[in-house]
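Participant: Input structure_39.cif, format and content: mmCIF, C-alpha atoms.
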```cif
data_coords
#
loop_
_atom_site.group_PDB
_atom_site.id
_atom_site.type_symbol
_atom_site.label_atom_id
_atom_site.label_comp_id
_atom_site.auth_asym_id
_atom_site.auth_seq_id
_atom_site.Cartn_x
_atom_site.Cartn_y
_atom_site.Cartn_z
ATOM 1 C CA MET A 27 112.597 96.032 87.547
ATOM 2 C CA ILE A 28 108.923 97.070 87.726
ATOM 3 C CA THR A 29 109.645 99.585 90.501
ATOM 4 C CA SER A 30 112.584 101.233 88.741
ATOM 5 C CA LEU A 31 110.739 101.336 85.402
ATOM 6 C CA THR A 32 107.621 102.820 87.012
ATOM 7 C CA GLY A 33 109.735 105.388 88.846
ATOM 8 C CA ALA A 34 111.629 106.329 85.679
ATOM 9 C CA ILE A 35 108.428 106.832 83.658
ATOM 10 C CA LEU A 36 106.657 108.890 86.335
ATOM 11 C CA ALA A 37 109.770 111.007 86.984
ATOM 12 C CA HIS A 38 110.376 111.561 83.240
ATOM 13 C CA PHE A 39 106.880 112.941 82.736
ATOM 14 C CA GLY A 40 107.077 115.095 85.867
ATOM 15 C CA ALA A 41 104.427 113.190 87.809
ATOM 16 C CA VAL A 42 106.798 112.711 90.763
ATOM 17 C CA THR A 43 110.082 113.956 92.145
ATOM 18 C CA LEU A 44 112.509 111.391 93.511
ATOM 19 C CA PRO A 45 115.396 111.830 95.964
ATOM 20 C CA ALA A 46 118.781 112.378 94.344
ATOM 21 C CA GLU A 47 121.347 109.642 94.876
ATOM 22 C CA THR A 48 123.646 112.197 96.545
ATOM 23 C CA ASN A 49 120.983 113.639 98.845
ATOM 24 C CA THR A 50 119.254 110.675 100.486
ATOM 25 C CA GLY A 51 120.051 111.904 103.993
ATOM 26 C CA SER A 52 117.462 114.694 103.795
ATOM 27 C CA ILE A 53 114.496 113.561 101.737
ATOM 28 C CA THR A 54 111.944 116.320 101.129
ATOM 29 C CA PRO A 55 108.199 115.798 101.636
ATOM 30 C CA ALA A 56 107.787 115.965 97.838
ATOM 31 C CA ASP A 57 110.403 113.227 97.362
ATOM 32 C CA GLU A 58 108.711 111.109 100.033
ATOM 33 C CA ALA A 59 105.336 111.516 98.322
ATOM 34 C CA GLY A 60 106.970 110.649 95.004
ATOM 35 C CA VAL A 61 108.459 107.407 96.290
ATOM 36 C CA ARG A 62 105.117 106.506 97.850
ATOM 37 C CA LEU A 63 103.253 107.048 94.565
ATOM 38 C CA VAL A 64 105.840 104.993 92.653
ATOM 39 C CA HIS A 65 105.499 102.230 95.246
ATOM 40 C CA ASP A 66 101.702 102.171 94.963
ATOM 41 C CA ALA A 67 101.751 102.203 91.163
ATOM 42 C CA ALA A 68 104.432 99.494 90.995
ATOM 43 C CA GLN A 69 102.471 97.293 93.403
ATOM 44 C CA PHE A 70 99.416 97.598 91.171
ATOM 45 C CA CYS A 71 101.408 96.804 87.993
ATOM 46 C CA HIS A 72 103.156 93.877 89.651
ATOM 47 C CA CYS A 73 99.950 92.371 91.020
ATOM 48 C CA LEU A 74 98.204 92.837 87.665
ATOM 49 C CA ALA A 75 101.082 91.095 85.863
ATOM 50 C CA GLN A 76 101.094 88.245 88.396
ATOM 51 C CA GLY A 77 97.350 87.862 88.364
ATOM 52 C CA LYS A 78 97.207 88.016 92.157
ATOM 53 C CA ILE A 79 98.265 89.998 95.216
ATOM 54 C CA GLY A 80 101.484 88.529 96.619
ATOM 55 C CA SER A 81 103.581 89.663 99.552
ATOM 56 C CA GLY A 82 104.632 92.879 97.773
ATOM 57 C CA PHE A 83 107.922 92.881 99.662
ATOM 58 C CA ASP A 84 110.086 92.905 96.538
ATOM 59 C CA VAL A 85 108.402 96.068 95.242
ATOM 60 C CA SER A 86 108.469 97.669 98.694
ATOM 61 C CA SER A 87 112.186 96.913 99.110
ATOM 62 C CA ALA A 88 112.974 98.408 95.711
ATOM 63 C CA ALA A 89 111.077 101.565 96.653
ATOM 64 C CA TYR A 90 112.205 102.054 100.249
ATOM 65 C CA GLY A 91 115.435 100.056 100.651
ATOM 66 C CA SER A 92 116.012 97.852 103.696
ATOM 67 C CA HIS A 93 113.069 97.942 106.092
ATOM 68 C CA ILE A 94 110.727 95.956 108.280
ATOM 69 C CA TYR A 95 107.607 95.292 106.245
ATOM 70 C CA ARG A 96 103.965 94.504 106.730
ATOM 71 C CA ARG A 97 101.840 94.049 103.604
ATOM 72 C CA PHE A 98 98.917 96.279 102.693
ATOM 73 C CA SER A 99 95.413 94.843 102.963
ATOM 74 C CA PRO A 100 94.406 93.125 99.694
ATOM 75 C CA SER A 101 91.203 95.178 99.673
ATOM 76 C CA VAL A 102 93.310 98.247 98.808
ATOM 77 C CA LEU A 103 93.905 96.938 95.274
ATOM 78 C CA ASP A 104 91.053 94.472 94.780
ATOM 79 C CA GLY A 105 88.745 96.875 92.953
ATOM 80 C CA LEU A 106 91.448 98.346 90.744
ATOM 81 C CA LEU A 107 92.775 94.894 89.825
ATOM 82 C CA LYS A 108 89.321 93.726 88.758
ATOM 83 C CA LYS A 109 89.042 96.750 86.464
ATOM 84 C CA GLY A 110 92.545 96.080 85.138
ATOM 85 C CA GLU A 111 91.728 92.451 84.413
ATOM 86 C CA ALA A 112 88.501 93.463 82.692
ATOM 87 C CA ALA A 113 90.424 95.968 80.544
ATOM 88 C CA GLU A 114 92.791 93.218 79.404
ATOM 89 C CA GLU A 115 89.818 91.279 78.018
ATOM 90 C CA ASP A 116 87.806 94.230 76.753
ATOM 91 C CA ALA A 117 89.471 97.398 75.435
ATOM 92 C CA GLY A 118 86.273 99.295 76.114
ATOM 93 C CA ALA A 119 86.653 98.697 79.841
ATOM 94 C CA ALA A 120 89.895 100.666 80.250
ATOM 95 C CA VAL A 121 91.181 101.732 83.665
ATOM 96 C CA THR A 122 90.702 105.511 83.853
ATOM 97 C CA THR A 123 93.004 108.110 85.381
ATOM 98 C CA LYS A 124 90.300 108.708 87.974
ATOM 99 C CA ASP A 125 90.346 105.000 88.875
ATOM 100 C CA LEU A 126 94.104 105.212 89.372
ATOM 101 C CA GLY A 127 93.950 108.532 91.221
ATOM 102 C CA ASP A 128 91.369 107.227 93.667
ATOM 103 C CA VAL A 129 93.715 104.441 94.795
ATOM 104 C CA LEU A 130 97.362 105.207 94.074
ATOM 105 C CA GLY A 131 98.846 107.495 96.706
ATOM 106 C CA GLY A 132 95.648 107.364 98.743
ATOM 107 C CA SER A 133 95.256 107.149 102.514
ATOM 108 C CA GLN A 134 93.765 103.640 102.350
ATOM 109 C CA TRP A 135 97.223 102.079 102.002
ATOM 110 C CA ASP A 136 97.966 100.443 105.351
ATOM 111 C CA ASN A 137 101.335 98.842 104.571
ATOM 112 C CA GLU A 138 104.000 99.202 107.258
ATOM 113 C CA VAL A 139 107.461 100.436 106.353
ATOM 114 C CA ARG A 140 109.923 100.676 109.231
ATOM 115 C CA ARG A 141 113.493 101.629 108.355
ATOM 116 C CA PHE A 142 116.142 99.007 109.002
ATOM 117 C CA GLY A 143 119.789 98.542 108.117
ATOM 118 C CA LEU A 144 122.545 96.041 108.792
ATOM 119 C CA PRO A 145 125.169 96.897 111.423
ATOM 120 C CA PRO A 146 128.519 98.298 110.208
ATOM 121 C CA GLN A 147 130.854 95.795 108.504
ATOM 122 C CA PHE A 148 128.007 93.341 107.819
ATOM 123 C CA THR A 149 127.934 92.472 104.105
ATOM 124 C CA LEU A 150 124.889 90.922 102.474
ATOM 125 C CA MET A 151 125.693 88.502 99.636
ATOM 126 C CA LEU A 152 123.232 87.024 97.148
ATOM 127 C CA ALA A 153 123.515 84.178 94.675
ATOM 128 C CA ASP A 154 121.204 82.800 92.018
ATOM 129 C CA ILE A 155 120.584 79.059 91.891
ATOM 130 C CA ASP A 156 119.929 77.792 88.378
ATOM 131 C CA ALA A 157 117.366 75.171 89.420
ATOM 132 C CA GLY A 158 114.546 77.679 90.002
ATOM 133 C CA SER A 159 111.164 77.292 91.734
ATOM 134 C CA SER A 160 107.545 78.267 91.144
ATOM 135 C CA THR A 161 106.768 80.663 93.982
ATOM 136 C CA PRO A 162 102.959 80.590 93.480
ATOM 137 C CA LYS A 163 102.948 76.790 93.739
ATOM 138 C CA LEU A 164 105.131 76.838 96.862
ATOM 139 C CA VAL A 165 102.942 79.428 98.536
ATOM 140 C CA SER A 166 99.668 77.723 97.601
ATOM 141 C CA LYS A 167 100.824 74.412 99.081
ATOM 142 C CA VAL A 168 101.925 76.070 102.327
ATOM 143 C CA LEU A 169 98.592 77.911 102.605
ATOM 144 C CA ALA A 170 96.701 74.680 101.947
ATOM 145 C CA TRP A 171 98.620 72.972 104.758
ATOM 146 C CA ARG A 172 97.953 75.914 107.063
ATOM 147 C CA LYS A 173 94.238 75.699 106.303
ATOM 148 C CA GLU A 174 94.152 71.932 106.808
ATOM 149 C CA LYS A 175 96.166 71.917 110.051
ATOM 150 C CA PRO A 176 95.813 75.391 111.577
ATOM 151 C CA ASP A 177 97.022 74.516 115.082
ATOM 152 C CA GLU A 178 100.184 72.830 113.806
ATOM 153 C CA ALA A 179 100.847 75.646 111.333
ATOM 154 C CA ASP A 180 100.125 78.484 113.765
ATOM 155 C CA SER A 181 102.482 77.035 116.365
ATOM 156 C CA LEU A 182 105.323 76.907 113.851
ATOM 157 C CA TRP A 183 104.388 80.323 112.438
ATOM 158 C CA ASN A 184 104.613 81.865 115.910
ATOM 159 C CA GLU A 185 108.026 80.311 116.547
ATOM 160 C CA LEU A 186 109.306 81.693 113.247
ATOM 161 C CA ASP A 187 107.856 85.122 113.981
ATOM 162 C CA SER A 188 109.463 85.188 117.424
ATOM 163 C CA SER A 189 112.883 84.246 116.037
ATOM 164 C CA ASN A 190 112.616 86.748 113.190
ATOM 165 C CA GLN A 191 111.754 89.547 115.586
ATOM 166 C CA ARG A 192 114.610 88.584 117.883
ATOM 167 C CA VAL A 193 117.126 88.658 115.015
ATOM 168 C CA GLU A 194 115.846 92.119 114.068
ATOM 169 C CA GLN A 195 116.219 93.345 117.660
ATOM 170 C CA LEU A 196 119.737 91.962 117.967
ATOM 171 C CA LEU A 197 120.905 93.486 114.696
ATOM 172 C CA THR A 198 119.456 96.843 115.737
ATOM 173 C CA GLN A 199 121.253 96.571 119.100
ATOM 174 C CA LEU A 200 124.534 95.826 117.330
ATOM 175 C CA LYS A 201 124.063 98.816 115.054
ATOM 176 C CA GLU A 202 123.472 101.095 118.041
ATOM 177 C CA THR A 203 126.385 99.618 119.990
ATOM 178 C CA ALA A 204 128.708 100.230 117.036
ATOM 179 C CA VAL A 205 128.005 103.955 117.431
ATOM 180 C CA ARG A 206 128.450 104.035 121.226
ATOM 181 C CA ARG A 207 131.494 101.719 121.457
ATOM 182 C CA PRO A 208 133.117 101.765 118.028
ATOM 183 C CA GLN A 209 136.548 100.383 118.963
ATOM 184 C CA GLU A 210 135.198 97.520 121.056
ATOM 185 C CA TYR A 211 132.733 96.739 118.267
ATOM 186 C CA LYS A 212 135.491 96.700 115.664
ATOM 187 C CA ASP A 213 137.789 94.537 117.805
ATOM 188 C CA THR A 214 135.028 92.021 118.587
ATOM 189 C CA LEU A 215 134.019 91.644 114.945
ATOM 190 C CA SER A 216 137.661 91.210 113.998
ATOM 191 C CA ARG A 217 137.998 88.291 116.423
ATOM 192 C CA CYS A 218 134.715 86.690 115.373
ATOM 193 C CA SER A 219 135.655 86.904 111.700
ATOM 194 C CA LYS A 220 138.538 84.515 112.334
ATOM 195 C CA VAL A 221 136.395 81.620 113.600
ATOM 196 C CA LYS A 222 133.213 79.850 112.506
ATOM 197 C CA ALA A 223 129.966 81.204 113.940
ATOM 198 C CA ALA A 224 129.258 77.818 115.552
ATOM 199 C CA GLU A 225 132.302 78.434 117.771
ATOM 200 C CA TRP A 226 131.367 81.955 118.916
ATOM 201 C CA SER A 227 129.615 80.524 121.971
ATOM 202 C CA LEU A 228 133.041 79.374 123.213
ATOM 203 C CA LEU A 229 134.308 82.955 122.991
ATOM 204 C CA THR A 230 131.179 84.184 124.770
ATOM 205 C CA ALA A 231 131.777 81.724 127.615
ATOM 206 C CA GLN A 232 135.263 83.173 128.037
ATOM 207 C CA GLU A 233 133.968 86.767 128.034
ATOM 208 C CA PRO A 234 130.458 86.758 129.489
ATOM 209 C CA SER A 235 130.535 90.554 129.982
ATOM 210 C CA ASN A 236 131.103 91.260 126.277
ATOM 211 C CA THR A 237 127.577 92.136 125.122
ATOM 212 C CA ILE A 238 128.676 92.584 121.499
ATOM 213 C CA LEU A 239 129.999 89.050 121.412
ATOM 214 C CA ARG A 240 126.844 87.782 123.088
ATOM 215 C CA ASP A 241 124.582 89.568 120.586
ATOM 216 C CA LEU A 242 126.553 88.217 117.632
ATOM 217 C CA THR A 243 126.306 84.699 119.032
ATOM 218 C CA ASP A 244 122.581 85.115 119.601
ATOM 219 C CA VAL A 245 122.042 86.352 116.022
ATOM 220 C CA TYR A 246 123.683 83.174 114.756
ATOM 221 C CA SER A 247 121.746 80.977 117.183
ATOM 222 C CA HIS A 248 118.321 82.489 116.424
ATOM 223 C CA PHE A 249 118.881 82.330 112.700
ATOM 224 C CA GLN A 250 119.765 78.674 113.010
ATOM 225 C CA ASP A 251 116.409 78.263 114.770
ATOM 226 C CA ILE A 252 114.722 79.977 111.810
ATOM 227 C CA ARG A 253 116.358 77.559 109.386
ATOM 228 C CA ARG A 254 115.359 74.548 111.512
ATOM 229 C CA ASN A 255 111.749 75.706 111.555
ATOM 230 C CA LEU A 256 111.740 76.343 107.800
ATOM 231 C CA ARG A 257 112.994 72.796 107.248
ATOM 232 C CA LYS A 258 110.277 71.554 109.581
ATOM 233 C CA MET A 259 107.696 73.514 107.596
ATOM 234 C CA SER A 260 109.117 71.948 104.428
ATOM 235 C CA GLN A 261 108.412 68.498 105.832
ATOM 236 C CA LEU A 262 104.975 69.245 107.252
ATOM 237 C CA ALA A 263 103.691 71.085 104.175
ATOM 238 C CA GLY A 264 105.442 68.841 101.658
ATOM 239 C CA VAL A 265 107.117 71.871 100.095
ATOM 240 C CA PRO A 266 110.873 72.409 99.456
ATOM 241 C CA ILE A 267 111.256 75.730 101.325
ATOM 242 C CA GLU A 268 114.821 74.855 102.317
ATOM 243 C CA PRO A 269 115.500 71.838 100.094
ATOM 244 C CA GLU A 270 118.149 69.331 101.140
ATOM 245 C CA GLN A 271 120.401 70.494 98.302
ATOM 246 C CA GLN A 272 120.166 74.061 99.585
ATOM 247 C CA THR A 273 120.782 72.907 103.148
ATOM 248 C CA ARG A 274 124.085 71.315 102.142
ATOM 249 C CA LEU A 275 125.161 74.495 100.336
ATOM 250 C CA LEU A 276 124.131 76.775 103.211
ATOM 251 C CA ASP A 277 125.895 74.565 105.761
ATOM 252 C CA ALA A 278 129.058 74.749 103.661
ATOM 253 C CA CYS A 279 128.791 78.556 103.654
ATOM 254 C CA MET A 280 128.414 78.560 107.447
ATOM 255 C CA GLU A 281 131.723 76.671 107.705
ATOM 256 C CA VAL A 282 133.500 79.799 106.458
ATOM 257 C CA PRO A 283 134.910 81.861 109.380
ATOM 258 C CA GLY A 284 133.119 85.181 109.793
ATOM 259 C CA VAL A 285 129.783 84.186 108.211
ATOM 260 C CA VAL A 286 126.932 85.247 110.498
ATOM 261 C CA MET A 287 124.031 83.635 108.675
ATOM 262 C CA ALA A 288 123.070 81.920 105.439
ATOM 263 C CA GLY A 289 119.586 81.129 104.206
ATOM 264 C CA VAL A 290 116.980 81.051 101.438
ATOM 265 C CA PRO A 291 115.202 84.378 100.805
ATOM 266 C CA GLY A 292 111.525 84.997 100.119
ATOM 267 C CA ALA A 293 109.369 81.912 99.711
ATOM 268 C CA GLY A 294 112.466 79.703 99.583
ATOM 269 C CA GLY A 295 112.944 76.884 97.127
ATOM 270 C CA PHE A 296 115.714 76.624 94.560
ATOM 271 C CA ASP A 297 115.747 80.242 93.357
ATOM 272 C CA ALA A 298 118.475 81.852 95.438
ATOM 273 C CA ILE A 299 120.468 81.972 98.662
ATOM 274 C CA PHE A 300 121.929 84.746 100.781
ATOM 275 C CA CYS A 301 124.800 85.051 103.249
ATOM 276 C CA VAL A 302 125.841 87.769 105.687
ATOM 277 C CA ALA A 303 129.588 88.077 106.261
ATOM 278 C CA LEU A 304 131.711 90.171 108.636
ATOM 279 C CA ASN A 305 134.658 91.111 106.424
ATOM 280 C CA GLU A 306 136.205 90.800 102.983
ATOM 281 C CA GLU A 307 137.983 87.555 103.883
ATOM 282 C CA ALA A 308 134.641 85.962 104.775
ATOM 283 C CA VAL A 309 133.110 87.303 101.555
ATOM 284 C CA ALA A 310 135.966 85.774 99.559
ATOM 285 C CA GLY A 311 135.582 82.490 101.440
ATOM 286 C CA VAL A 312 131.875 82.287 100.592
ATOM 287 C CA GLU A 313 132.551 83.146 96.945
ATOM 288 C CA ASN A 314 135.070 80.308 96.812
ATOM 289 C CA VAL A 315 132.414 77.911 98.156
ATOM 290 C CA TRP A 316 130.000 79.083 95.466
ATOM 291 C CA ILE A 317 132.551 78.827 92.657
ATOM 292 C CA GLY A 318 133.574 75.329 93.653
ATOM 293 C CA TRP A 319 130.071 73.984 94.301
ATOM 294 C CA LYS A 320 129.242 71.038 92.062
ATOM 295 C CA GLU A 321 125.765 69.900 93.153
ATOM 296 C CA MET A 322 124.048 72.982 91.676
ATOM 297 C CA ALA A 323 125.159 75.934 89.595
ATOM 298 C CA VAL A 324 125.570 78.942 91.912
ATOM 299 C CA GLY A 325 125.766 82.378 90.301
ATOM 300 C CA PRO A 326 126.989 85.261 92.521
ATOM 301 C CA LEU A 327 124.918 88.431 92.121
ATOM 302 C CA LEU A 328 126.225 92.001 92.286
ATOM 303 C CA ALA A 329 123.248 93.197 94.374
ATOM 304 C CA ARG A 330 124.035 94.602 97.814
ATOM 305 C CA GLU A 331 122.009 95.749 100.802
ATOM 306 C CA SER A 332 120.788 99.340 100.466
ATOM 307 C CA SER A 333 119.104 101.611 102.964
ATOM 308 C CA THR A 334 118.185 104.244 100.356
ATOM 309 C CA GLY A 335 115.728 102.550 98.048
ATOM 310 C CA LEU A 336 114.521 104.374 94.945
ATOM 311 C CA VAL A 337 116.773 107.305 93.950
ATOM 312 C CA ARG A 338 117.402 109.543 90.950
ATOM 313 C CA LEU A 339 120.785 109.146 89.279
ATOM 314 C CA GLU A 340 122.128 112.610 88.467
ATOM 315 C CA LYS A 341 125.027 111.166 86.472
ATOM 316 C CA VAL A 342 125.011 107.785 84.767
ATOM 317 C CA PRO A 343 128.156 105.785 85.656
ATOM 318 C CA GLU A 344 130.610 105.242 82.784
ATOM 319 C CA ASN A 345 130.272 101.442 82.885
ATOM 320 C CA MET A 346 126.492 101.780 82.445
ATOM 321 C CA VAL A 347 126.944 104.153 79.485
ATOM 322 C CA HIS A 348 129.202 101.626 77.763
ATOM 323 C CA SER A 349 126.765 98.763 78.393
ATOM 324 C CA PHE A 350 123.863 100.780 76.998
ATOM 325 C CA SER A 351 125.771 101.749 73.847
ATOM 326 C CA ALA A 352 127.171 98.264 73.195
#
```
Give the structure from this file in structure tokens form.
Facilitator:
Amino acid sequence: MITSLTGAILAHFGAVTLPAETNTGSITPADEAGVRLVHDAAQFCHCLAQGKIGSGFDVSSAAYGSHIYRRFSPSVLDGLLKKGEAAEEDAGAAVTTKDLGDVLGGSQWDNEVRRFGLPPQFTLMLADIDAGSSTPKLVSKVLAWRKEKPDEADSLWNELDSSNQRVEQLLTQLKETAVRRPQEYKDTLSRCSKVKAAEWSLLTAQEPSNTILRDLTDVYSHFQDIRRNLRKMSQLAGVPIEPEQQTRLLDACMEVPGVVMAGVPGAGGFDAIFCVALNEEAVAGVENVWIGWKEMAVGPLLARESSTGLVRLEKVPENMVHSFSA
């Protein structure tokens, strides 16, 4: 919300140009600079509203779409945030345009944005969980545990990082293979979508030369490792990153044939879950699990994975016009 609102305001007043929704394949340098400025401004607004510098990944994702992310150094915004906080208490200490211009869009931003997208036929699904969690409290408890037991925490952190990187590599390989061997890719995904991911290793044993099948199986296996380590972190830090209630729901989703992975996004907790499915039948199967789930209220979200990020709508869809005028 903050990113889209910031982008809309800056674009309306001509401060930036943004890529058109129909022309994202060839973004101009001006469009790229515009998205960058919107990102920087939205990060500042978001951090000021939160009262702290968080991961920034939500703002970055809204600006750039799917990507591999590394946060900017907190020192980039520290000075500007202090001025912003002072201005909230004293109107005479307003943040000036020079203050903003010295930071937003500047070369001191060291965040990493590396483009990433899911392989063909992979569908990302999101659902809201009505229980909710306080992300700042979750994060503060995990950081306190990491400070108190650094060796224990670092060991687990490294295992998670290794598994995350391996999942990224495997998904990238699958995306590249889909281009080189499209029919084999399509046929393999079709077969995998008919059985549970836990049983893909049996198919791999029957066809050891099928690298697509092997990569799919490894994606499932490594993501299961990620979930195990998040549950372990939950226990060690005394924080519900993947709570038992969420574990039962995620395990039920993984019982649906054609579901590659299911997990808790962001800092975890009771806020939301996600699933990645291979076809429409798997999507429907997951939705049926969500609809019939009794332990918690699960609300499917319309959001989908996007590789484009912030764009300019040249024509507002009819359904949006009706909703605005209602």
Participant: So which residues touch Val61 in chain A within 10 Å, counting all atoms listed in the file, skipping near sequence neighbours fewer than 3 positions away, as a PDB file with C-alpha atoms, keeping the file's coordinate frame?
Facilitator:
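To be explicit, this is the file written out as selection11.pdb:
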```pdb
ATOM      1  CA  THR A  29     109.645  99.585  90.501  1.00  0.00           C
ATOM      2  CA  GLY A  33     109.735 105.388  88.846  1.00  0.00           C
ATOM      3  CA  VAL A  42     106.798 112.711  90.763  1.00  0.00           C
ATOM      4  CA  THR A  43     110.082 113.956  92.145  1.00  0.00           C
ATOM      5  CA  LEU A  44     112.509 111.391  93.511  1.00  0.00           C
ATOM      6  CA  PRO A  45     115.396 111.830  95.964  1.00  0.00           C
ATOM      7  CA  PRO A  55     108.199 115.798 101.636  1.00  0.00           C
ATOM      8  CA  ALA A  56     107.787 115.965  97.838  1.00  0.00           C
ATOM      9  CA  ASP A  57     110.403 113.227  97.362  1.00  0.00           C
ATOM     10  CA  GLU A  58     108.711 111.109 100.033  1.00  0.00           C
ATOM     11  CA  VAL A  64     105.840 104.993  92.653  1.00  0.00           C
ATOM     12  CA  HIS A  65     105.499 102.230  95.246  1.00  0.00           C
ATOM     13  CA  ASP A  66     101.702 102.171  94.963  1.00  0.00           C
ATOM     14  CA  ALA A  67     101.751 102.203  91.163  1.00  0.00           C
ATOM     15  CA  ALA A  89     111.077 101.565  96.653  1.00  0.00           C
ATOM     16  CA  TYR A  90     112.205 102.054 100.249  1.00  0.00           C
ATOM     17  CA  GLY A 131      98.846 107.495  96.706  1.00  0.00           C
ATOM     18  CA  GLY A 335     115.728 102.550  98.048  1.00  0.00           C
ATOM     19  CA  LEU A 336     114.521 104.374  94.945  1.00  0.00           C
ATOM     20  CA  VAL A 337     116.773 107.305  93.950  1.00  0.00           C
TER      21      VAL A 337
END
```
Participant: In Å, how far is it from CA of Arg217 in chain A to CA of Pro145 in chain A?
Facilitator: 16.2 Å
Participant: May I have the residues at most 12 Å from (116.2, 84.7, 101.2) in the file's coordinates, counting all atoms listed in the file, as a PyMOL selection string?
Facilitator: chain A and resi 83-84+150-155+252-253+256+267-268+272+276+287-302
Participant: Using the file's own x, y and z axes, so that the box edges lie along x, y and z, what centre and edge lengths in Å (one decimal) does a box around every listed atom of range 190-198 of chain A get when 3 Å is added on each side? Give it as lines of an AutoDock Vina configuration file.
Facilitator:
```
center_x = 116.3
center_y = 91.8
center_z = 115.6
size_x = 15.2
size_y = 16.1
size_z = 10.8
```
Participant: Quick one: which residues end up in the PyMOL selection byres ((chain A and resi 142) around 9) for this structure, as a list in words?
Facilitator: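 Selection result, ordered by chain and number: Gly91, Ser92, His93, Ile94, Arg140, Arg141, Gly143, Leu144, Glu194, Thr198 and Ser333 of chain A.
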Participant: Rounded to one decimal in Å, what is the spacing between CA of Asp136 in chain A and CA of Arg97 in chain A?
Facilitator: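 One can read the CA of Asp136 in chain A to CA of Arg97 in chain A distance as 7.7 Å.
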Participant: Looking at all atoms listed in the file, which of A:Val324, A:Leu31, A:Leu126, A:Val265 is the one that sits closest to Val85 in chain A?
Facilitator: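 For Val85 in chain A, the nearest of the candidates is A:Leu31.
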Participant: Please evaluate the PyMOL selection byres ((chain A and resi 167) around 12) against the structure above and give the resulting residues as a ChimeraX atom specification.
Facilitator: /A:160-166,168-174,259-267,293
Participant: For the residues selected in the previous step, produce a file with C-alpha atoms as a compact mmCIF listing (two decimals), in the frame of the given file.
Facilitator:
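And here is the file that came out, out-v3.txt:
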```
# COMPACT_ATOMS: atom_id res chain seq x y z
CA SER A 160 107.54 78.27 91.14
CA THR A 161 106.77 80.66 93.98
CA PRO A 162 102.96 80.59 93.48
CA LYS A 163 102.95 76.79 93.74
CA LEU A 164 105.13 76.84 96.86
CA VAL A 165 102.94 79.43 98.54
CA SER A 166 99.67 77.72 97.60
CA VAL A 168 101.92 76.07 102.33
CA LEU A 169 98.59 77.91 102.60
CA ALA A 170 96.70 74.68 101.95
CA TRP A 171 98.62 72.97 104.76
CA ARG A 172 97.95 75.91 107.06
CA LYS A 173 94.24 75.70 106.30
CA GLU A 174 94.15 71.93 106.81
CA MET A 259 107.70 73.51 107.60
CA SER A 260 109.12 71.95 104.43
CA GLN A 261 108.41 68.50 105.83
CA LEU A 262 104.98 69.24 107.25
CA ALA A 263 103.69 71.08 104.18
CA GLY A 264 105.44 68.84 101.66
CA VAL A 265 107.12 71.87 100.10
CA PRO A 266 110.87 72.41 99.46
CA ILE A 267 111.26 75.73 101.32
CA ALA A 293 109.37 81.91 99.71
```
Participant: Could you add N, CA, C and O atoms to range 209-217 of chain A and give me the result as a compact mmCIF listing (two decimals), in the frame of the given file?
Facilitator:
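What landed in out_11.txt:
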```
# COMPACT_ATOMS: atom_id res chain seq x y z
N GLN A 209 135.31 101.17 118.95
CA GLN A 209 136.55 100.38 118.96
C GLN A 209 136.31 98.97 119.47
O GLN A 209 136.82 97.99 118.90
N GLU A 210 135.52 98.85 120.53
CA GLU A 210 135.20 97.52 121.06
C GLU A 210 134.42 96.72 120.02
O GLU A 210 134.66 95.51 119.85
N TYR A 211 133.51 97.40 119.32
CA TYR A 211 132.73 96.74 118.27
C TYR A 211 133.66 96.23 117.17
O TYR A 211 133.57 95.06 116.76
N LYS A 212 134.57 97.07 116.73
CA LYS A 212 135.49 96.70 115.66
C LYS A 212 136.38 95.54 116.08
O LYS A 212 136.60 94.59 115.32
N ASP A 213 136.90 95.60 117.31
CA ASP A 213 137.79 94.54 117.80
C ASP A 213 137.06 93.21 117.92
O ASP A 213 137.59 92.15 117.58
N THR A 214 135.80 93.26 118.41
CA THR A 214 135.03 92.02 118.59
C THR A 214 134.72 91.38 117.24
O THR A 214 134.85 90.16 117.07
N LEU A 215 134.30 92.18 116.27
CA LEU A 215 134.02 91.64 114.94
C LEU A 215 135.27 91.07 114.30
O LEU A 215 135.22 90.06 113.59
N SER A 216 136.40 91.71 114.54
CA SER A 216 137.66 91.21 114.00
C SER A 216 137.97 89.82 114.53
O SER A 216 138.39 88.92 113.78
N ARG A 217 137.75 89.61 115.82
CA ARG A 217 138.00 88.29 116.42
C ARG A 217 137.01 87.25 115.91
O ARG A 217 137.38 86.12 115.59
```
